[in-house]
>>> print(open('final11.txt').read())   # compact mmCIF, C-alpha atoms and all ligand atoms
# COMPACT_ATOMS: atom_id res chain seq x y z
CA ALA A 1 0.00 0.00 0.00
CA VAL A 2 1.22 3.49 -0.76
CA PRO A 3 1.45 6.00 2.14
CA ALA A 4 -1.76 8.03 2.61
CA ASP A 5 -0.09 11.28 1.50
CA CYS A 6 1.04 9.87 -1.85
CA PRO A 7 -0.95 9.60 -5.10
CA ALA A 8 -3.59 6.85 -4.84
CA ASP A 9 -2.83 3.54 -6.56
CA VAL A 10 -5.63 1.39 -8.05
CA GLU A 11 -6.36 -0.27 -4.67
CA ALA A 12 -6.52 2.94 -2.60
CA LEU A 13 -8.56 4.64 -5.31
CA GLY A 14 -10.92 1.66 -5.41
CA ARG A 15 -11.45 1.49 -1.64
CA SER A 16 -12.17 5.23 -1.42
CA SER A 17 -14.45 5.11 -4.42
CA TRP A 18 -16.49 2.16 -3.15
CA THR A 19 -16.81 3.98 0.19
CA LEU A 20 -18.22 7.00 -1.62
CA LEU A 21 -20.54 4.97 -3.86
CA HIS A 22 -21.95 2.72 -1.13
CA SER A 23 -22.33 5.73 1.17
CA ILE A 24 -24.35 7.46 -1.53
CA SER A 25 -26.63 4.41 -1.65
CA ALA A 26 -26.90 4.47 2.16
CA THR A 27 -28.27 8.03 2.08
CA TYR A 28 -30.29 7.54 -1.10
CA PRO A 29 -34.05 8.09 -0.48
CA VAL A 30 -36.26 5.12 0.36
CA ALA A 31 -38.78 6.57 -2.11
CA PRO A 32 -36.78 8.68 -4.60
CA THR A 33 -38.41 11.15 -6.97
CA THR A 34 -38.01 10.76 -10.73
CA GLN A 35 -35.41 13.55 -10.57
CA GLU A 36 -33.43 11.79 -7.82
CA GLN A 37 -33.41 8.56 -9.82
CA SER A 38 -32.26 10.39 -12.91
CA ASP A 39 -29.55 12.25 -10.90
CA VAL A 40 -28.01 9.05 -9.56
CA LYS A 41 -27.98 7.54 -13.05
CA SER A 42 -26.31 10.64 -14.52
CA PHE A 43 -23.78 10.65 -11.70
CA LEU A 44 -22.81 7.02 -12.29
CA GLY A 45 -22.68 7.57 -16.05
CA LEU A 46 -20.17 10.39 -15.61
CA PHE A 47 -18.35 8.55 -12.83
CA GLY A 48 -17.89 5.63 -15.25
CA LYS A 49 -16.43 7.97 -17.86
CA LEU A 50 -14.14 9.89 -15.53
CA TYR A 51 -12.97 7.10 -13.21
CA PRO A 52 -9.19 7.53 -13.19
CA CYS A 53 -8.29 3.88 -13.87
CA TRP A 54 -8.74 3.24 -17.55
CA VAL A 55 -9.45 -0.55 -17.55
CA CYS A 56 -11.66 -0.23 -14.47
CA ALA A 57 -13.70 2.54 -16.11
CA GLU A 58 -14.10 0.62 -19.36
CA ASP A 59 -15.31 -2.56 -17.61
CA PHE A 60 -17.61 -0.59 -15.32
CA GLN A 61 -19.20 1.17 -18.30
CA GLU A 62 -19.70 -2.20 -20.02
CA TYR A 63 -21.29 -3.56 -16.83
CA MET A 64 -23.73 -0.62 -16.75
CA GLU A 65 -24.65 -1.33 -20.38
CA ARG A 66 -25.45 -4.96 -19.52
CA GLU A 67 -27.00 -4.42 -16.10
CA LYS A 68 -29.02 -1.23 -16.21
CA ILE A 69 -28.88 0.81 -13.00
CA LYS A 70 -31.82 0.06 -10.72
CA ALA A 71 -32.61 2.98 -8.46
CA SER A 72 -36.34 3.09 -7.77
CA SER A 73 -35.68 2.66 -4.03
CA ARG A 74 -32.74 2.77 -1.60
CA ASP A 75 -32.71 -0.99 -1.24
CA GLU A 76 -32.88 -1.55 -4.97
CA PHE A 77 -29.99 0.84 -5.61
CA GLY A 78 -27.94 -0.56 -2.70
CA ARG A 79 -28.33 -4.05 -4.12
CA TRP A 80 -27.56 -2.98 -7.68
CA LEU A 81 -24.34 -1.36 -6.47
CA CYS A 82 -23.48 -4.43 -4.43
CA GLY A 83 -23.87 -6.49 -7.59
CA ALA A 84 -21.61 -4.13 -9.52
CA HIS A 85 -18.98 -4.37 -6.78
CA ASN A 86 -19.29 -8.17 -6.76
CA GLU A 87 -18.62 -8.20 -10.50
CA VAL A 88 -15.26 -6.51 -9.80
CA ASN A 89 -14.66 -8.85 -6.84
CA ARG A 90 -15.13 -11.85 -9.15
CA LYS A 91 -12.84 -10.37 -11.77
CA LEU A 92 -10.12 -9.85 -9.18
CA GLY A 93 -10.61 -13.26 -7.53
CA LYS A 94 -11.91 -11.67 -4.30
CA LYS A 95 -14.67 -13.12 -2.15
CA GLU A 96 -18.20 -12.18 -3.14
CA PHE A 97 -20.09 -10.06 -0.64
CA ASP A 98 -23.56 -11.15 0.58
CA CYS A 99 -25.81 -8.39 -0.75
CA ASN A 100 -28.39 -9.05 1.99
CA LEU A 101 -25.84 -7.40 4.28
CA TRP A 102 -25.24 -4.22 2.28
CA GLU A 103 -27.23 -1.99 4.64
CA GLU A 104 -25.53 -3.33 7.75
CA ARG A 105 -22.11 -2.75 6.18
CA TRP A 106 -22.79 0.73 4.80
CA ARG A 107 -25.77 2.30 6.61
CA THR A 108 -26.77 0.92 10.02
CA GLY A 109 -23.54 -0.74 11.14
CA TRP A 110 -23.31 -4.39 12.23
CA LYS A 111 -25.93 -5.79 14.60
CA ASP A 112 -23.23 -6.71 17.17
CA GLY A 113 -22.80 -2.98 17.85
CA ARG A 114 -19.09 -2.85 17.00
CA CYS A 115 -19.60 0.20 14.78
CA GLY A 116 -20.86 2.29 17.71
P1 LIG B 1 -12.79 -3.23 -1.85
O1 LIG B 1 -13.20 -4.11 -2.99
O2 LIG B 1 -12.30 -1.85 -2.19
O3 LIG B 1 -14.04 -3.12 -0.86
C1 LIG B 1 -14.04 -2.29 0.29
C2 LIG B 1 -15.02 -2.85 1.30
O4 LIG B 1 -16.31 -2.90 0.74
C3 LIG B 1 -14.74 -4.30 1.69
O5 LIG B 1 -13.80 -4.37 2.72
C4 LIG B 1 -16.11 -4.81 2.12
O6 LIG B 1 -16.39 -4.49 3.47
C5 LIG B 1 -17.05 -4.01 1.26
N1 LIG B 1 -17.54 -4.77 0.10
C6 LIG B 1 -16.90 -5.69 -0.66
N2 LIG B 1 -17.67 -6.12 -1.65
C7 LIG B 1 -18.85 -5.47 -1.51
C8 LIG B 1 -20.07 -5.50 -2.23
N3 LIG B 1 -20.25 -6.29 -3.31
N4 LIG B 1 -21.08 -4.70 -1.82
C9 LIG B 1 -20.94 -3.92 -0.74
N5 LIG B 1 -19.81 -3.83 -0.02
C10 LIG B 1 -18.78 -4.61 -0.39
N6 LIG B 1 -9.36 -2.82 -9.38
C11 LIG B 1 -8.65 -3.52 -10.31
O7 LIG B 1 -7.56 -3.99 -10.02
N7 LIG B 1 -9.17 -3.73 -11.57
C12 LIG B 1 -10.39 -3.22 -11.93
O8 LIG B 1 -10.83 -3.39 -13.07
C13 LIG B 1 -11.14 -2.47 -10.98
N8 LIG B 1 -12.32 -1.92 -11.29
C14 LIG B 1 -12.95 -1.12 -10.39
C15 LIG B 1 -14.13 -0.46 -10.76
C16 LIG B 1 -14.76 0.40 -9.88
C17 LIG B 1 -16.02 1.10 -10.32
C18 LIG B 1 -14.21 0.64 -8.60
C19 LIG B 1 -14.86 1.62 -7.68
C20 LIG B 1 -13.05 0.01 -8.23
C21 LIG B 1 -12.41 -0.88 -9.09
N9 LIG B 1 -11.24 -1.56 -8.74
C22 LIG B 1 -10.56 -2.29 -9.69
C23 LIG B 1 -10.73 -1.50 -7.36
C24 LIG B 1 -11.17 -2.76 -6.57
O9 LIG B 1 -12.58 -2.96 -6.68
C25 LIG B 1 -10.85 -2.66 -5.06
O10 LIG B 1 -11.36 -1.43 -4.56
C26 LIG B 1 -9.37 -2.74 -4.71
O11 LIG B 1 -8.82 -3.91 -5.28
C27 LIG B 1 -9.17 -2.77 -3.17
O12 LIG B 1 -9.87 -3.91 -2.69
P2 LIG B 1 -10.16 -4.23 -1.17
O13 LIG B 1 -9.93 -5.70 -1.04
O14 LIG B 1 -9.42 -3.31 -0.29
O15 LIG B 1 -11.72 -3.99 -0.97
>>> encode(input="final11.txt", output="structure tokens", more="lines below")
Ligand code: FAD
Amino acid sequence: AVPADCPADVEALGRSSWTLLHSISATYPVAPTTQEQSDVKSFLGLFGKLYPCWVCAEDFQEYMEREKIKASSRDEFGRWLCGAHNEVNRKLGKKEFDCNLWEERWRTGWKDGRCG
């Protein structure tokens, strides 16, 4: 890992980016308006174009072509994003994450209370 005050490598960039994306899903409305749904889709479209890791961005854009963003509720968007992250996990040979747990990981904290 590179020191925190050095330019981000692909791993550090990825961890920070997933934190941002999943945190956006955690605060996404339970019942979003049409505008809010369209905003999150525009954001991810631009994110996919601008993501500063060329191969990552290309694969992520392809994924969004195949698996259209679902954002008609917080849970639907949280699960869609979890699926997108799992696609990268599979590609990198990492363990898949159980998407039933996305809200505990990113919104409420774990039931054992360890997140405070
Ligand atoms: P990360 O994968 O960064 O995950 C951070 C934390 O999120 C985990 O510790 C876990 O608690 C939680 N988590 C894990 N999976 C899920 C899930 N499915 N849903 C919810 N929470 C979850 N790296 C490459 O080398 N090649 C690529 O092509 C590539 N593409 C990427 C595309 C995007 C859009 C992003 C944001 C990142 C990409 N990365 C890519 C980076 C890669 O996904 C990881 O971020 C990086 O390898 C660091 O991995 P990590 O093991 O620290 O955990």
>>> residues_around(input="final11.txt", residues="range 104-116 of chain A", least_positions_apart="2", cutoff="6 Å", atoms="only C-alpha atoms", output="list in words")
Ala26, Leu101 and Trp102 of chain A
>>> closest_residue(input="final11.txt", among="A:Leu92, A:Leu81, A:Met64, A:Ala12", to="Leu46 in chain A", atoms="only C-alpha atoms")
A:Met64
>>> axis_aligned_box(input="final11.txt", around="ligand LIG 1 (chain B)", padding_each_side="8 Å", output="JSON")
{"center_x": -14.3, "center_y": -2.3, "center_z": -4.8, "size_x": 29.5, "size_y": 23.9, "size_z": 32.5}
>>> atom_distance(input="final11.txt", atom1="CA of Lys49 in chain A", atom2="atom N9 of ligand LIG 1 (chain B)")
14.2 Å
>>> residues_near_ligand(input="final11.txt", ligand="ligand LIG 1 (chain B)", cutoff="9 Å", atoms="all atoms listed in the file", output="number ranges by chain")
A: 10-22, 47-48, 51, 53-61, 78-89, 91-92, 94-99, 101-103, 105-106
>>> write_last_selection(input="final11.txt", atoms="C-alpha atoms", output="short mmCIF file (atom, residue, chain, number, x, y, z; two decimals), keeping the file's coordinate frame")
data_model
loop_
_atom_site.label_atom_id
_atom_site.label_comp_id
_atom_site.auth_asym_id
_atom_site.auth_seq_id
_atom_site.Cartn_x
_atom_site.Cartn_y
_atom_site.Cartn_z
CA VAL A 10 -5.63 1.39 -8.05
CA GLU A 11 -6.36 -0.27 -4.67
CA ALA A 12 -6.52 2.94 -2.60
CA LEU A 13 -8.56 4.64 -5.31
CA GLY A 14 -10.92 1.66 -5.41
CA ARG A 15 -11.45 1.49 -1.64
CA SER A 16 -12.17 5.23 -1.42
CA SER A 17 -14.45 5.11 -4.42
CA TRP A 18 -16.49 2.16 -3.15
CA THR A 19 -16.81 3.98 0.19
CA LEU A 20 -18.22 7.00 -1.62
CA LEU A 21 -20.54 4.97 -3.86
CA HIS A 22 -21.95 2.72 -1.13
CA PHE A 47 -18.35 8.55 -12.83
CA GLY A 48 -17.89 5.63 -15.25
CA TYR A 51 -12.97 7.10 -13.21
CA CYS A 53 -8.29 3.88 -13.87
CA TRP A 54 -8.74 3.24 -17.55
CA VAL A 55 -9.45 -0.55 -17.55
CA CYS A 56 -11.66 -0.23 -14.47
CA ALA A 57 -13.70 2.54 -16.11
CA GLU A 58 -14.10 0.62 -19.36
CA ASP A 59 -15.31 -2.56 -17.61
CA PHE A 60 -17.61 -0.59 -15.32
CA GLN A 61 -19.20 1.17 -18.30
CA GLY A 78 -27.94 -0.56 -2.70
CA ARG A 79 -28.33 -4.05 -4.12
CA TRP A 80 -27.56 -2.98 -7.68
CA LEU A 81 -24.34 -1.36 -6.47
CA CYS A 82 -23.48 -4.43 -4.43
CA GLY A 83 -23.87 -6.49 -7.59
CA ALA A 84 -21.61 -4.13 -9.52
CA HIS A 85 -18.98 -4.37 -6.78
CA ASN A 86 -19.29 -8.17 -6.76
CA GLU A 87 -18.62 -8.20 -10.50
CA VAL A 88 -15.26 -6.51 -9.80
CA ASN A 89 -14.66 -8.85 -6.84
CA LYS A 91 -12.84 -10.37 -11.77
CA LEU A 92 -10.12 -9.85 -9.18
CA LYS A 94 -11.91 -11.67 -4.30
CA LYS A 95 -14.67 -13.12 -2.15
CA GLU A 96 -18.20 -12.18 -3.14
CA PHE A 97 -20.09 -10.06 -0.64
CA ASP A 98 -23.56 -11.15 0.58
CA CYS A 99 -25.81 -8.39 -0.75
CA LEU A 101 -25.84 -7.40 4.28
CA TRP A 102 -25.24 -4.22 2.28
CA GLU A 103 -27.23 -1.99 4.64
CA ARG A 105 -22.11 -2.75 6.18
CA TRP A 106 -22.79 0.73 4.80
#
>>> closest_residue(input="final11.txt", among="A:Ser72, A:Pro52, A:Glu67, A:Asp5", to="Asp39 in chain A", atoms="only C-alpha atoms")
A:Ser72
>>> closest_residue(input="final11.txt", among="A:Arg74, A:Arg90, A:Asn100, A:Cys6", to="Thr33 in chain A", atoms="only C-alpha atoms")
A:Arg74
>>> atom_distance(input="final11.txt", atom1="CA of Gln37 in chain A", atom2="CA of Tyr63 in chain A")
18.5 Å
>>> residues_near_point(input="final11.txt", point="(-29.6, 11.0, -5.6)", cutoff="12 Å", atoms="only C-alpha atoms", output="VMD selection string")
chain A and resid 21 23 to 44 71 to 74 77
